[in-house]
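Source file: my_file-v1.cif (mmCIF, C-alpha atoms and all ligand atoms)
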```
data_work
loop_
_atom_site.label_atom_id
_atom_site.label_comp_id
_atom_site.auth_asym_id
_atom_site.auth_seq_id
_atom_site.Cartn_x
_atom_site.Cartn_y
_atom_site.Cartn_z
CA MET A 927 15.57 18.82 -3.91
CA HIS A 928 17.43 18.13 -0.69
CA PRO A 929 20.12 15.47 -1.23
CA LYS A 930 18.80 13.43 1.69
CA ILE A 931 15.24 13.12 0.37
CA ASN A 932 15.82 9.88 -1.54
CA HIS A 933 17.55 8.49 1.49
CA LEU A 934 14.56 9.42 3.68
CA ILE A 935 12.06 7.95 1.21
CA GLN A 936 13.99 4.69 1.09
CA LEU A 937 14.21 4.53 4.86
CA GLN A 938 10.49 5.18 5.22
CA GLU A 939 9.65 2.46 2.69
CA LEU A 940 11.76 -0.08 4.59
CA THR A 941 10.16 0.94 7.88
CA LEU A 942 6.70 0.45 6.38
CA ILE A 943 7.71 -2.90 4.90
CA ARG A 944 8.92 -3.98 8.33
CA THR A 945 5.47 -3.13 9.74
CA GLU A 946 3.84 -5.07 6.88
CA GLN A 947 6.00 -8.11 7.59
CA LYS A 948 5.12 -7.93 11.26
CA ALA A 949 1.41 -7.96 10.37
CA HIS A 950 1.84 -11.50 9.06
CA ARG A 951 2.18 -14.35 11.46
CA HIS A 952 5.49 -15.37 9.98
CA GLY A 953 7.15 -12.14 8.96
CA HIS A 954 10.07 -12.96 6.71
CA ARG A 955 13.35 -11.14 6.35
CA LEU A 956 12.84 -9.12 9.51
CA ASP A 957 16.52 -9.31 10.53
CA GLU A 958 17.60 -8.18 7.10
CA LEU A 959 15.13 -5.27 7.20
CA GLU A 960 16.21 -4.30 10.72
CA SER A 961 19.87 -4.04 9.75
CA SER A 962 19.12 -2.07 6.56
CA ILE A 963 16.95 0.35 8.56
CA ARG A 964 19.65 0.74 11.19
CA ALA A 965 22.35 1.36 8.59
CA LEU A 966 20.29 3.95 6.71
CA THR A 967 19.34 5.72 9.94
CA GLU A 968 22.95 5.93 11.09
CA GLN A 969 23.98 7.53 7.81
CA LEU A 970 21.64 10.48 8.41
CA PRO A 971 22.88 13.72 9.99
CA ALA A 972 22.21 13.81 13.74
CA ASP A 973 19.59 16.59 13.53
CA ILE A 974 17.52 14.64 10.98
CA GLN A 975 17.77 11.50 13.12
CA VAL A 976 16.35 13.44 16.07
CA LEU A 977 13.56 14.90 13.94
CA MET A 978 12.65 11.44 12.62
CA ALA A 979 12.66 9.77 16.02
CA ARG A 980 10.30 12.47 17.30
CA MET A 981 7.93 12.22 14.33
CA GLN A 982 7.87 8.44 14.15
CA LYS A 983 6.29 8.30 17.57
CA ARG A 984 3.22 9.88 16.06
CA ASP A 985 2.97 8.41 12.59
CA PRO A 986 4.95 6.06 10.33
CA ILE A 987 4.68 8.56 7.47
CA ILE A 988 7.22 11.33 7.79
CA THR A 989 8.24 12.13 4.23
CA VAL A 990 5.43 12.87 1.78
CA PRO A 991 5.14 14.05 -1.81
CA MET A 992 3.55 17.35 -2.65
CA ALA A 993 0.86 17.06 -5.33
CA ASN A 994 -0.87 19.99 -7.04
CA GLY A 995 0.43 22.35 -4.40
CA THR A 996 -1.06 20.23 -1.62
CA CYS A 997 0.60 18.23 1.14
CA THR A 998 -0.44 14.60 0.53
CA GLY A 999 0.09 13.86 4.22
CA CYS A 1000 -2.60 16.16 5.59
CA GLY A 1001 -4.32 17.41 2.45
CA MET A 1002 -3.69 21.09 3.17
CA LYS A 1003 -2.83 23.63 0.51
CA ILE A 1004 0.82 24.72 0.68
CA PRO A 1005 1.69 28.44 0.34
CA THR A 1006 3.05 29.24 -3.13
CA SER A 1007 6.44 30.36 -1.83
CA LEU A 1008 6.87 27.05 -0.04
CA VAL A 1009 5.81 25.09 -3.15
CA GLN A 1010 8.68 26.78 -4.98
CA ALA A 1011 11.08 26.10 -2.12
CA VAL A 1012 10.16 22.39 -2.09
CA LYS A 1013 10.88 22.24 -5.81
CA VAL A 1014 14.20 24.06 -5.86
CA SER A 1015 15.60 24.53 -2.38
CA SER A 1016 18.40 22.39 -1.07
CA ASN A 1017 17.04 22.72 2.47
CA LEU A 1018 14.54 20.31 3.91
CA GLN A 1019 11.07 21.86 3.82
CA VAL A 1020 8.24 20.80 6.10
CA CYS A 1021 4.48 21.17 5.81
CA PRO A 1022 3.39 24.10 8.02
CA ILE A 1023 0.31 22.15 9.15
CA CYS A 1024 1.42 18.56 9.78
CA THR A 1025 5.22 19.17 9.87
CA ARG A 1026 5.96 16.25 7.57
CA ILE A 1027 8.97 16.59 5.27
CA LEU A 1028 7.84 17.53 1.76
CA TYR A 1029 9.29 16.59 -1.59
CA PHE A 1030 8.34 17.20 -5.17
CA GLN A 1031 7.37 14.35 -7.45
CA ASP A 1032 5.72 14.53 -10.82
CA GLY A 1033 3.38 12.05 -12.45
CA LEU A 1034 2.03 10.15 -9.45
CA PRO A 1035 -0.71 7.66 -10.26
CA ARG A 1036 -4.07 9.17 -9.43
CA ARG A 1037 -7.12 7.86 -7.65
CA VAL A 1038 -10.15 9.08 -9.57
CA GLY A 1039 -13.86 8.32 -9.28
CA ALA A 1040 -16.58 10.05 -7.39
CA ALA A 1041 -16.23 10.74 -3.70
CA PRO A 1042 -19.15 9.47 -1.61
CA ARG A 1043 -22.02 11.96 -1.53
CA ARG A 1044 -24.43 12.87 1.18
CA GLY A 1045 -27.40 10.57 0.97
CA ASP A 1046 -25.37 7.65 -0.39
CA PRO A 1047 -25.99 4.48 1.60
CA HIS A 1048 -23.66 4.31 4.59
CA LYS A 1049 -20.94 1.74 4.00
CA VAL A 1050 -19.19 -0.31 6.64
CA GLY A 1051 -16.22 -2.66 6.77
CA ILE A 1052 -14.47 -3.57 3.56
CA ALA A 1053 -17.25 -2.00 1.44
CA ARG A 1054 -15.79 1.40 2.36
CA PHE A 1055 -12.79 0.80 0.11
CA SER A 1056 -13.63 -2.04 -2.23
CA ALA A 1057 -16.50 -3.03 -4.50
CA PRO A 1058 -17.98 -6.06 -6.29
CA GLY A 1059 -16.51 -4.69 -9.55
CA LEU A 1060 -12.99 -5.11 -8.17
CA MET A 1061 -13.32 -8.87 -7.63
CA ILE A 1062 -11.78 -11.32 -10.10
CA SER A 1063 -12.87 -14.85 -9.28
CA LYS A 1064 -10.66 -16.40 -11.96
CA LEU A 1065 -7.44 -14.61 -12.76
CA GLU A 1066 -6.21 -15.34 -16.26
CA ALA A 1067 -2.68 -14.46 -15.19
CA SER A 1068 -0.07 -17.17 -14.87
CA THR A 1069 2.75 -14.93 -13.59
CA ARG A 1070 3.09 -12.39 -10.80
CA ASP A 1071 3.45 -9.45 -13.20
CA GLU A 1072 0.39 -10.52 -15.19
CA ALA A 1073 -1.67 -10.88 -12.00
CA ILE A 1074 -0.71 -7.39 -10.84
CA ARG A 1075 -1.48 -5.98 -14.30
CA GLU A 1076 -4.86 -7.74 -14.43
CA LEU A 1077 -5.89 -6.32 -11.07
CA ALA A 1078 -4.57 -2.83 -11.92
CA GLN A 1079 -6.44 -2.84 -15.23
CA LYS A 1080 -9.61 -3.86 -13.44
CA MET A 1081 -9.20 -0.85 -11.16
CA GLN A 1082 -8.80 1.44 -14.13
CA ALA A 1083 -11.71 -0.15 -16.02
CA GLU A 1084 -13.95 0.32 -13.00
CA GLY A 1085 -13.00 4.00 -12.86
CA PHE A 1086 -10.96 4.00 -9.66
CA VAL A 1087 -7.55 5.02 -11.02
CA ASP A 1088 -6.30 6.98 -14.02
CA ASP A 1089 -3.45 4.83 -15.24
CA ALA A 1090 -3.06 1.09 -14.65
CA GLU A 1091 0.46 0.97 -16.06
CA LYS A 1092 1.76 3.46 -13.49
CA LEU A 1093 0.33 1.19 -10.80
CA VAL A 1094 2.00 -1.85 -12.33
CA ASP A 1095 5.41 -0.12 -12.46
CA SER A 1096 5.19 1.08 -8.93
CA SER A 1097 3.88 -2.22 -7.58
CA LEU A 1098 6.69 -4.19 -9.25
CA ARG A 1099 9.28 -1.83 -7.79
CA ARG A 1100 7.82 -2.61 -4.37
CA GLU A 1101 7.97 -6.38 -5.07
CA ALA A 1102 11.65 -6.01 -5.92
CA ILE A 1103 12.48 -4.88 -2.37
CA VAL A 1104 10.78 -7.76 -0.55
CA SER A 1105 8.09 -9.96 -2.10
CA THR A 1106 4.57 -9.30 -0.80
CA ALA A 1107 3.77 -13.01 -1.10
CA VAL A 1108 3.44 -14.58 2.33
CA ASP A 1109 2.54 -18.00 3.68
CA ASN A 1110 -0.63 -19.90 2.85
CA GLY A 1111 -0.78 -18.85 -0.79
CA LEU A 1112 -1.53 -15.20 -0.05
CA ALA A 1113 0.02 -12.11 -1.62
CA PHE A 1114 -0.54 -8.41 -0.93
CA PRO A 1115 0.95 -6.41 -3.81
CA HIS A 1116 0.37 -2.67 -3.45
CA VAL A 1117 1.13 0.83 -4.59
CA ARG A 1118 1.82 3.61 -2.14
CA GLY A 1119 1.83 7.34 -2.68
CA VAL A 1120 -1.16 7.41 -5.00
CA GLU A 1121 -2.57 10.90 -5.38
CA GLY A 1122 -5.98 11.69 -3.93
CA GLY A 1123 -9.00 9.65 -2.87
CA GLY A 1124 -9.00 6.80 -0.41
CA LEU A 1125 -7.60 3.30 -0.09
CA THR A 1126 -8.81 0.93 -2.81
CA LEU A 1127 -8.67 -2.86 -2.69
CA GLY A 1128 -9.07 -5.43 -5.45
CA LEU A 1129 -9.03 -9.20 -5.08
CA GLY A 1130 -8.09 -11.92 -7.53
CA LEU A 1131 -8.16 -15.71 -7.18
CA SER A 1132 -6.02 -18.12 -9.11
CA GLY A 1133 -7.18 -21.74 -9.23
CA LYS A 1134 -3.93 -23.09 -10.59
CA GLY A 1135 -1.71 -20.83 -8.49
CA ILE A 1136 0.88 -18.24 -9.45
CA LYS A 1137 4.58 -18.24 -8.74
CA PHE A 1138 4.93 -14.98 -6.87
CA ASP A 1139 8.56 -15.39 -5.82
CA GLY A 1140 7.59 -15.48 -2.19
CA TYR A 1141 9.87 -16.60 0.57
CA ASP A 1142 8.63 -20.17 0.80
CA LYS A 1143 8.22 -20.56 -2.98
CA ALA A 1144 4.67 -21.87 -2.54
CA LEU A 1145 2.19 -20.87 -5.24
CA THR A 1146 -0.05 -17.88 -4.60
CA ARG A 1147 -3.79 -18.34 -5.00
CA ILE A 1148 -5.27 -15.29 -3.29
CA VAL A 1149 -4.01 -11.87 -4.39
CA PHE A 1150 -5.09 -8.68 -2.61
CA PHE A 1151 -4.08 -5.63 -4.60
CA MET A 1152 -4.16 -2.31 -2.81
CA VAL A 1153 -3.73 1.27 -3.91
CA ILE A 1154 -2.80 3.55 -1.05
CA PRO A 1155 -2.89 7.35 -0.99
CA THR A 1156 -0.28 8.77 1.37
CA ALA A 1157 -2.95 10.01 3.77
CA ALA A 1158 -4.31 6.44 4.11
CA SER A 1159 -0.94 4.84 4.91
CA ALA A 1160 -1.63 4.15 8.56
CA PHE A 1161 -5.14 2.90 7.77
CA TYR A 1162 -3.69 0.56 5.15
CA LEU A 1163 -1.48 -1.08 7.79
CA LYS A 1164 -4.60 -1.77 9.86
CA VAL A 1165 -6.42 -3.24 6.87
CA LEU A 1166 -3.41 -5.42 6.09
CA ALA A 1167 -3.33 -6.70 9.67
CA GLY A 1168 -7.08 -7.44 9.49
CA LEU A 1169 -6.76 -9.37 6.23
CA ALA A 1170 -3.72 -11.27 7.53
CA GLU A 1171 -5.67 -12.25 10.64
CA THR A 1172 -8.76 -13.41 8.75
CA PHE A 1173 -6.89 -15.39 6.14
CA SER A 1174 -4.37 -17.04 8.42
CA ASP A 1175 -7.34 -19.35 9.00
CA ALA A 1176 -7.46 -22.24 6.52
CA GLU A 1177 -11.27 -22.37 6.58
CA ALA A 1178 -11.49 -18.71 5.57
CA ARG A 1179 -9.11 -19.26 2.65
CA LYS A 1180 -11.08 -22.32 1.58
CA ALA A 1181 -14.36 -20.40 1.71
CA LEU A 1182 -12.93 -17.62 -0.46
CA LEU A 1183 -11.36 -19.97 -3.00
CA ALA A 1184 -14.64 -21.85 -3.39
CA GLU A 1185 -16.40 -18.83 -4.90
CA GLU A 1186 -16.76 -18.90 -8.66
CA SER A 1187 -18.33 -15.57 -9.51
CA PRO A 1188 -17.26 -11.99 -8.66
CA GLU A 1189 -20.60 -11.38 -6.90
CA LYS A 1190 -20.24 -14.41 -4.65
CA LEU A 1191 -16.58 -13.67 -4.03
CA TRP A 1192 -17.54 -10.18 -2.91
CA LYS A 1193 -20.19 -11.50 -0.52
CA ALA A 1194 -17.75 -14.01 0.94
CA LEU A 1195 -15.07 -11.34 1.42
CA VAL A 1196 -17.49 -8.99 3.18
CA LYS A 1197 -18.69 -11.77 5.46
CA LEU A 1198 -15.26 -13.17 6.32
CA THR A 1199 -13.76 -9.78 7.16
CA LYS A 1200 -16.71 -8.52 9.19
CA LYS A 1201 -14.89 -8.89 12.50
CA THR A 1202 -11.35 -7.97 11.44
CA ILE A 1203 -12.01 -4.96 9.20
CA LEU A 1204 -14.23 -2.46 10.90
ZN ZN B 1 0.83 18.38 5.76
#
```
Please, can you express the file's structure as structure tokens?
Ligand SMILES: [Zn+2]
Amino acid sequence: MHPKINHLIQLQELTLIRTEQKAHRHGHRLDELESSIRALTEQLPADIQVLMARMQKRDPIITVPMANGTCTGCGMKIPTSLVQAVKVSSNLQVCPICTRILYFQDGLPRRVGAAPRRGDPHKVGIARFSAPGLMISKLEASTRDEAIRELAQKMQAEGFVDDAEKLVDSSLRREAIVSTAVDNGLAFPHVRGVEGGGLTLGLGLSGKGIKFDGYDKALTRIVFFMVIPTAASAFYLKVLAGLAETFSDAEARKALLAEESPEKLWKALVKLTKKTIL
């Protein structure tokens, strides 16, 4: 693998986190993120900096894992010779279709479950990537890690992902960079780079509140847990912005927290996000 790949992955993650922080009304740690991004960018060779600047204009996702011989950025099959080169070559290899930089990574968590079939009822809004079965109206968790595990296990139990523990690991690594807890008792833990399928969202409520190690140290009561395949990265940022907009409103948070069953919670979520998540 090219020696700069880890560097590029780290830089991309920070750039995405900066976009996430900007989606919230009070994005925290933006200065810190800006300077880390600047420092990492300056350390790159000039030709890679130029390549990145050009690609970033189009899409925030520039560096993507290869999975089962497929580019996870565009979903196209990669020629066998290139698959080998990505695995062993010390040169940067790019996808011939979408021109994203490819790298090899084993053991990604996988999104499973049936793809929508022709004739299935047409879904709109949040119902396209979430379901009543992914709602937890009363989280048992009393810590951040337990809450993430509870939501990940729900996703596995409902047949959306293959391995909850992989999601937990990956989600906690993301929390370690900058907490996904934001103001107003909201948190948005997530896992990026999941193999296959589409974006998946689970929601858990905590009546007593969970210490999520957020910036303002307030307790978290509403936890949105998202699993994001590489190809859905840009869409995820839109969903995040939509959720942040809806739930910056105290009435919306109150309405959600009042629901005591998964079914009612689901109905409330669909209704409240009707205008912000299209
Ligand atoms: Zn591609």
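From CA of Glu1076 in chain A back to CA of Thr998 in chain A, the distance works out to 27.2 Å.
One distance worth recording is that between CA of Val1009 in chain A and CA of Asn994 in chain A, which is 9.3 Å.
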At a cut-off of 8 Å, can you tabulate as a Markdown table every residue of chain A near ligand ZN 1 (chain B) together with its closest atom pair and the distance in Å to one decimal, using only C-alpha atoms and all ligand atoms and ordering rows by chain then number?
```
| residue | atom | partner | partner_atom | distance |
| --- | --- | --- | --- | --- |
| A:Thr996 | CA | B:ZN1 | ZN | 7.8 |
| A:Cys997 | CA | B:ZN1 | ZN | 4.6 |
| A:Thr998 | CA | B:ZN1 | ZN | 6.6 |
| A:Gly999 | CA | B:ZN1 | ZN | 4.8 |
| A:Cys1000 | CA | B:ZN1 | ZN | 4.1 |
| A:Gly1001 | CA | B:ZN1 | ZN | 6.2 |
| A:Met1002 | CA | B:ZN1 | ZN | 5.9 |
| A:Val1020 | CA | B:ZN1 | ZN | 7.8 |
| A:Cys1021 | CA | B:ZN1 | ZN | 4.6 |
| A:Pro1022 | CA | B:ZN1 | ZN | 6.7 |
| A:Ile1023 | CA | B:ZN1 | ZN | 5.1 |
| A:Cys1024 | CA | B:ZN1 | ZN | 4.1 |
| A:Thr1025 | CA | B:ZN1 | ZN | 6.1 |
| A:Arg1026 | CA | B:ZN1 | ZN | 5.8 |
```
Handout entry: 7 Å contact set for range 958-970 of chain A, all atoms listed in the file, chain neighbours under 6 positions out, as a ChimeraX atom specification
Key = /A:937,940-941,944
Practice task
Identify the residues around (-3.8, -17.0, -18.1) within a radius of 12 Å, measuring from all atoms listed in the file in the coordinates stated by the file, and give them as a ChimeraX atom specification.
Solution key: /A:1064-1073,1075-1076,1131-1136
Would you list the contacts of Ser1096 in chain A as a tab-separated table (two decimals) with C-alpha atoms, in the frame of the given file, taking every protein, DNA or RNA residue within 9 Å and counting all atoms listed in the file, but skipping same-chain residues closer than 3 positions in sequence?
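What ended up in out-v5.tsv:
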```
chain	number	residue	atom	x	y	z
A	1035	PRO	CA	-0.71	7.66	-10.26
A	1091	GLU	CA	0.46	0.97	-16.06
A	1092	LYS	CA	1.76	3.46	-13.49
A	1093	LEU	CA	0.33	1.19	-10.80
A	1099	ARG	CA	9.28	-1.83	-7.79
A	1100	ARG	CA	7.82	-2.61	-4.37
A	1101	GLU	CA	7.97	-6.38	-5.07
A	1116	HIS	CA	0.37	-2.67	-3.45
A	1117	VAL	CA	1.13	0.83	-4.59
A	1118	ARG	CA	1.82	3.61	-2.14
```
Fill in the blank from the handout: Between A:Leu942, A:Ser1159, A:Lys1080, A:Phe1030, smallest distance to Gln1010 in chain A by all atoms listed in the file belongs to A:Phe1030
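If you look at CA of Ala1144 in chain A and CA of Phe1055 in chain A, they are 28.7 Å away from each other.
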Problem - Exercise: Ser1063 in chain A partners within 10 Å, all atoms listed in the file, chain neighbours under 2 positions left out, as number ranges by chain - result: A: 1060-1061, 1065-1066, 1129-1133, 1148, 1182-1192
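Nearest-residue note for Ile988 in chain A: choosing from A:Ala1090, A:Ile943, A:Ile1052, A:Ala1157, the minimum distance belongs to A:Ala1157, counting only C-alpha atoms.
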Completion exercise
Of A:Pro991, A:Pro971, A:Gly1051, A:Gly1128, the one sitting nearest Thr1199 in chain A when using all atoms listed in the file is A:Gly1051
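When all atoms listed in the file are used to measure the gap to Ala1102 in chain A, the shortest distance among A:Ala1160, A:Leu1077, A:Pro1005, A:Asp1139 belongs to A:Asp1139.
Among the candidates A:Ser1015, A:Ser1174, A:Asn1110, A:Ser1097, the residue lying nearest to Ala1078 in chain A is A:Ser1097 (atoms considered: all atoms listed in the file).
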Problem - Non-local contacts of Leu1125 in chain A (12 Å; all atoms listed in the file; under 4 positions in same chain excluded) as JSON, numbers by chain - result: {"A": [1036, 1037, 1038, 1041, 1052, 1053, 1054, 1055, 1056, 1057, 1081, 1086, 1087, 1116, 1117, 1118, 1119, 1120, 1121, 1151, 1152, 1153, 1154, 1155, 1156, 1157, 1158, 1159, 1160, 1161, 1162, 1163, 1164, 1165, 1166]}
Fill in the blank from the handout: Using only C-alpha atoms, the residue out of A:Ala1194, A:Ala979, A:Ala1113, A:Val1012 with shortest distance to Phe1138 in chain A is A:Ala1113
